[in-house]
Each structure stands twice: as C-alpha cells, then as structure tokens.
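As stored in upload-v2.cif (mmCIF, C-alpha atoms and all ligand atoms):
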data_query
#
loop_
_atom_site.label_atom_id
_atom_site.label_comp_id
_atom_site.auth_asym_id
_atom_site.auth_seq_id
_atom_site.Cartn_x
_atom_site.Cartn_y
_atom_site.Cartn_z
CA MET X 27 130.27 124.94 149.20
CA ARG X 28 128.17 127.95 148.20
CA THR X 29 127.73 127.79 144.43
CA ALA X 30 125.97 130.13 142.01
CA ILE X 31 125.19 129.96 138.32
CA VAL X 32 125.03 133.25 136.42
CA TYR X 33 123.63 132.95 132.91
CA TYR X 34 121.71 134.65 130.16
CA SER X 35 119.08 132.95 128.02
CA PHE X 36 117.18 134.35 125.06
CA THR X 37 115.00 131.37 124.16
CA GLY X 38 115.26 129.13 127.23
CA THR X 39 117.92 126.55 126.36
CA THR X 40 120.71 127.97 128.53
CA ARG X 41 118.18 128.44 131.33
CA ALA X 42 117.24 124.77 131.08
CA LEU X 43 120.89 123.68 131.17
CA ALA X 44 121.57 125.99 134.14
CA GLY X 45 118.71 124.30 135.96
CA MET X 46 120.06 120.84 135.21
CA LEU X 47 123.54 121.82 136.43
CA ALA X 48 122.16 123.48 139.57
CA ALA X 49 120.67 120.26 140.89
CA PRO X 50 123.89 118.23 141.42
CA LEU X 51 125.77 121.32 142.63
CA GLY X 52 123.06 122.65 144.94
CA ALA X 53 123.59 125.98 143.18
CA GLU X 54 121.65 129.24 143.28
CA LEU X 55 120.53 130.55 139.89
CA ALA X 56 120.96 134.16 138.79
CA GLU X 57 119.72 135.09 135.34
CA ILE X 58 121.17 138.19 133.68
CA GLY X 59 118.30 140.49 132.71
CA CYS X 60 118.55 142.43 129.48
CA GLY X 61 115.73 144.35 127.83
CA ARG X 62 117.39 144.86 124.46
CA TYR X 63 116.36 141.54 122.92
CA GLY X 64 112.61 141.30 123.37
CA ALA X 65 110.02 139.28 121.52
CA GLY X 66 109.86 139.66 117.76
CA GLY X 67 111.93 138.62 114.79
CA LEU X 68 114.02 141.78 114.74
CA SER X 69 115.61 140.80 118.03
CA PHE X 70 117.40 137.89 116.38
CA PHE X 71 119.09 140.21 113.88
CA ARG X 72 119.87 142.79 116.53
CA ALA X 73 121.45 140.07 118.66
CA ALA X 74 123.51 138.77 115.74
CA VAL X 75 124.74 142.22 114.69
CA ASP X 76 125.54 143.23 118.27
CA SER X 77 127.43 140.00 118.80
CA VAL X 78 129.56 140.36 115.69
CA LEU X 79 130.29 144.06 116.28
CA GLY X 80 130.77 143.68 120.04
CA LEU X 81 127.97 146.16 120.86
CA LEU X 82 127.31 145.31 124.49
CA PRO X 83 123.86 146.11 125.96
CA GLU X 84 122.80 147.39 129.35
CA VAL X 85 122.17 144.55 131.80
CA ALA X 86 120.31 144.60 135.10
CA PRO X 87 122.40 144.37 138.27
CA LEU X 88 122.58 140.89 139.79
CA PRO X 89 122.29 139.98 143.46
CA GLN X 90 125.55 140.12 145.40
CA LEU X 91 127.88 137.22 144.75
CA ALA X 92 129.90 137.92 147.89
CA GLY X 93 130.35 134.63 149.72
CA VAL X 94 129.97 132.52 146.59
CA GLU X 95 132.89 130.08 146.47
CA ARG X 96 132.17 128.45 143.13
CA LEU X 97 130.62 130.17 140.14
CA LEU X 98 129.36 128.86 136.82
CA ILE X 99 128.80 131.29 133.96
CA GLY X 100 126.58 130.25 131.06
CA ALA X 101 125.81 131.81 127.69
CA PRO X 102 124.13 130.97 124.40
CA VAL X 103 126.44 131.13 121.38
CA TRP X 104 125.65 134.07 119.09
CA VAL X 105 127.53 133.95 115.81
CA GLY X 106 130.40 132.05 117.35
CA ARG X 107 130.65 134.29 120.41
CA PRO X 108 129.09 134.30 123.88
CA ALA X 109 125.77 136.23 123.88
CA THR X 110 126.36 139.94 124.45
CA PRO X 111 124.54 140.22 127.84
CA VAL X 112 127.09 137.81 129.38
CA ARG X 113 129.96 139.70 127.79
CA ALA X 114 128.44 142.94 129.16
CA TRP X 115 128.18 141.47 132.66
CA LEU X 116 131.80 140.28 132.57
CA ARG X 117 133.01 143.60 131.17
CA ALA X 118 131.88 145.25 134.42
CA ARG X 119 134.53 143.08 136.14
CA PRO X 120 132.38 141.46 138.85
CA PRO X 121 134.49 139.87 141.59
CA LEU X 122 134.78 136.17 140.73
CA PRO X 123 135.72 133.36 143.11
CA ALA X 124 138.75 131.14 142.51
CA ARG X 125 136.57 128.31 141.22
CA VAL X 126 134.92 129.25 137.94
CA GLY X 127 133.31 126.99 135.32
CA LEU X 128 131.91 128.05 131.96
CA PHE X 129 129.20 126.62 129.76
CA VAL X 130 127.60 127.45 126.44
CA THR X 131 124.64 126.20 124.45
CA ALA X 132 124.34 126.31 120.66
CA SER X 133 122.51 124.70 117.82
CA GLY X 134 125.82 123.24 116.74
CA GLU X 135 128.66 125.55 115.69
CA GLY X 136 131.13 127.76 117.46
CA THR X 137 131.08 126.38 120.98
CA GLY X 138 134.87 125.98 121.33
CA ARG X 139 135.55 129.53 120.25
CA ALA X 140 132.79 130.91 122.48
CA LEU X 141 134.16 129.02 125.51
CA GLU X 142 137.65 130.43 124.81
CA GLU X 143 136.24 133.94 124.69
CA LEU X 144 134.44 133.39 128.01
CA ARG X 145 137.68 132.14 129.57
CA ARG X 146 139.46 135.26 128.36
CA LEU X 147 136.73 137.62 129.57
CA ALA X 148 136.57 135.93 132.97
CA GLY X 149 140.37 135.99 133.24
CA ARG X 150 140.37 132.22 133.80
CA PRO X 151 142.37 130.65 130.95
CA GLY X 152 142.23 127.17 132.46
CA ALA X 153 138.59 127.14 133.60
CA PRO X 154 136.63 123.96 132.86
CA GLY X 155 134.13 124.36 130.03
CA LEU X 156 131.03 122.53 128.89
CA ALA X 157 129.23 122.79 125.56
CA ALA X 158 125.70 121.54 124.95
CA THR X 159 123.48 121.47 121.90
CA GLU X 160 119.87 122.58 121.91
CA ALA X 161 118.89 119.01 121.08
CA GLU X 162 120.61 117.56 124.15
CA THR X 163 119.21 120.21 126.45
CA GLY X 164 115.74 120.05 124.91
CA ALA X 165 115.72 116.32 125.60
CA GLY X 166 116.25 117.15 129.26
CA ARG X 167 119.63 115.50 129.65
CA LEU X 168 123.07 116.78 130.51
CA PRO X 169 125.48 116.69 127.57
CA GLY X 170 128.35 114.26 127.21
CA GLY X 171 131.26 115.62 129.20
CA ALA X 172 129.04 116.95 131.99
CA ASP X 173 130.41 114.47 134.54
CA ALA X 174 134.00 115.47 133.78
CA PHE X 175 133.02 119.14 133.86
CA LEU X 176 131.35 118.79 137.26
CA ALA X 177 134.32 116.87 138.61
CA ALA X 178 136.80 119.46 137.30
CA LEU X 179 135.01 122.27 139.13
CA GLY X 180 136.38 120.93 142.41
C1 LIG P 1 121.59 135.83 117.28
C2 LIG P 1 121.84 134.36 117.37
C3 LIG P 1 123.02 133.82 116.86
C4 LIG P 1 123.28 132.45 116.96
N1 LIG P 1 124.47 131.96 116.50
C5 LIG P 1 124.74 130.64 116.62
C6 LIG P 1 126.00 130.10 116.18
O1 LIG P 1 126.90 130.81 115.75
N2 LIG P 1 126.19 128.76 116.29
C7 LIG P 1 125.21 127.93 116.79
O2 LIG P 1 125.45 126.73 116.84
N3 LIG P 1 124.04 128.40 117.24
C8 LIG P 1 123.78 129.74 117.16
N4 LIG P 1 122.58 130.24 117.62
C9 LIG P 1 121.65 129.34 118.29
C10 LIG P 1 121.78 129.45 119.81
O3 LIG P 1 123.12 129.43 120.23
C11 LIG P 1 121.09 128.27 120.49
O4 LIG P 1 119.76 128.25 120.06
C12 LIG P 1 121.16 128.42 122.01
O5 LIG P 1 121.02 127.15 122.61
C13 LIG P 1 120.07 129.34 122.51
O6 LIG P 1 120.18 129.48 123.90
P1 LIG P 1 119.03 130.23 124.71
O7 LIG P 1 117.76 129.51 124.37
O8 LIG P 1 119.42 130.11 126.12
O9 LIG P 1 118.97 131.65 124.23
C14 LIG P 1 122.30 131.59 117.55
C15 LIG P 1 121.11 132.13 118.06
C16 LIG P 1 120.89 133.50 117.99
C17 LIG P 1 119.62 134.08 118.60
#
Could I get this file's structure written as structure tokens?
Ligand SMILES: Cc1cc2nc3c(=O)[nH]c(=O)nc-3n(C[C@H](O)[C@H](O)[C@H](O)COP(=O)(O)O)c2cc1C
Amino acid sequence: MRTAIVYYSFTGTTRALAGMLAAPLGAELAEIGCGRYGAGGLSFFRAAVDSVLGLLPEVAPLPQLAGVERLLIGAPVWVGRPATPVRAWLRARPPLPARVGLFVTASGEGTGRALEELRRLAGRPGAPGLAATEAETGAGRLPGGADAFLAALG
C-alpha cells in the first residue's frame, strides 16, 4: 500500500520519528518547508506566539499525494498545539486518503490536546494517534504504543 508521511520539524525530533515510522511502513517522507522559523533564538518566541495566536505561516507546496492510500501527519507540539506549519498545510485542505494516522513529539506536555487538534483539522475524529517524547526519539527508539498505532493504521 502506498504510504506517505507528511511532517514538519523545527529541531529534528519529529523528523527522526518520521524516519523511524517510515521503515516498517515502507513510507515516502515529505517534510513541510517553512522559512518563518529560521536559526536564532527569536524563532522560538515567534513560534510560540504564532502557535498561541493561531498565526499560520506560508508553507512550501508539497509533492502530489495523489495515489497515496495511507498518510501519516506529524507535528512537534508548540505550546500545547500542533506546530503552525502543519496547521497551515492542513488549512489548505489537501485531499487526504481514507487511512490517516497522526503523531506528535514534545518534551512532555500537551500531546493529547495537540493530537485532538490534528484530528479536528484533518477531519478525522477517530484517527489513530501516537505521542513521543524527545527523550524516546533521541534514544532512537519508537515510543510505547507504536506497535498499536501501526496496527491501527490498517
Ligand atoms: C515554540 C515551542 C513550543 C513548545 N511547546 C511545547 C509544549 O507545550 N509542550 C512540550 O512538551 N514541548 C514543547 N516544545 C518542545 C517540542 O515540542 C519538542 O522539542 C519537539 O519534540 C520538537 O520537535 P522538532 O525537533 O521536530 O521540532 C516546544 C518547542 C517549541 C520550539
């Protein structure tokens, strides 16, 4: 089954998790590009303020997802919400396949709420979700619950 993983990553953790999930699924990776949060300390504050206020940035177009039968969408948690580039991508209402799974990474707090927001934005209230901490991902292992998540994707 053709599977893709669309994600955004500011500091590399979500990218690492996307890579770990891609292996068992044989998935293609598509990273959302966004120039608003570059290097430098100010970017952290800009990201936090944007996330709280819902100020959604410009994001680069992604390759066509036509023909993808299963899609995972991944985001870092920013102040309890999915990072704004993922929200911006979903706001453009890309066509999504029937099978959608969602994942978030965080240092610890706000993953449940962020997953709920992703479900709402994707229009998939029952989609399987996976949350991982930076520590788990940094150690190069899939988080607890990954097996159930992968199985629930169908
Ligand atoms: C602006 C900003 C806000 C964040 N807010 C939270 C938060 O509310 N809860 C949390 O546990 N981690 C928070 N973090 C930490 C990130 O969610 C965590 O480092 C994530 O794994 C980073 O993913 P990335 O490396 O793919 O960008 C925040 C990080 C940033 C930059």
* Name the residues in contact with X:Leu147 at a cut-off of 9 Å, using all atoms listed in the file, excluding same-chain residues fewer than 5 positions from it; report them as a PyMOL selection string. => chain X and resi 113+116-117+119+142
Saved selection, atoms kept: C-alpha atoms, as a short mmCIF file (atom, residue, chain, number, x, y, z; two decimals), in the coordinates of the input:
data_model
loop_
_atom_site.label_atom_id
_atom_site.label_comp_id
_atom_site.auth_asym_id
_atom_site.auth_seq_id
_atom_site.Cartn_x
_atom_site.Cartn_y
_atom_site.Cartn_z
CA ARG X 113 129.96 139.70 127.79
CA LEU X 116 131.80 140.28 132.57
CA ARG X 117 133.01 143.60 131.17
CA ARG X 119 134.53 143.08 136.14
CA GLU X 142 137.65 130.43 124.81
#
* **Using only C-alpha atoms: which of X:Glu95, X:Asp76, X:Glu160, X:Glu135 has the shortest distance to X:Ala53** =>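 Using only C-alpha atoms, X:Ala53 sits closest to X:Glu95.
The spacing separating atom CA of X:Leu79 from atom CA of X:Thr37 amounts to 21.4 Å.
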* To do: Write out as a VMD selection string each polymer residue (protein, DNA or RNA) that has an atom no more than 9 Å from ligand LIG 1 (chain P), with only C-alpha atoms and all ligand atoms counted.
  => chain X and resid 33 to 43 69 to 77 100 to 109 130 to 137 140 158 to 161 163
* atom CA of X:Ala114 and atom CA of X:Val85, how far apart in Å? ->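 Between atom CA of X:Val85 and atom CA of X:Ala114 the gap works out to 7.0 Å.
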* What separation in Å, quoted to one decimal, exists between atom CA of X:Tyr63 and atom CA of X:Gln90? ->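 Atom CA of X:Gln90 lies 24.3 Å from atom CA of X:Tyr63.
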* Go through X:Gly164, X:Gly155, X:Gly127, X:Gly66 and flag the residue nearest X:Leu98, using only C-alpha atoms for the distances. =>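 With only C-alpha atoms as the atom set, the closest residue is X:Gly127.
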* **X:Leu47 surroundings by only C-alpha atoms, 9 Å radius, close-in-sequence under 3 positions cut, as a PyMOL selection string** => chain X and resi 31+42-44+50-53+168+172+176
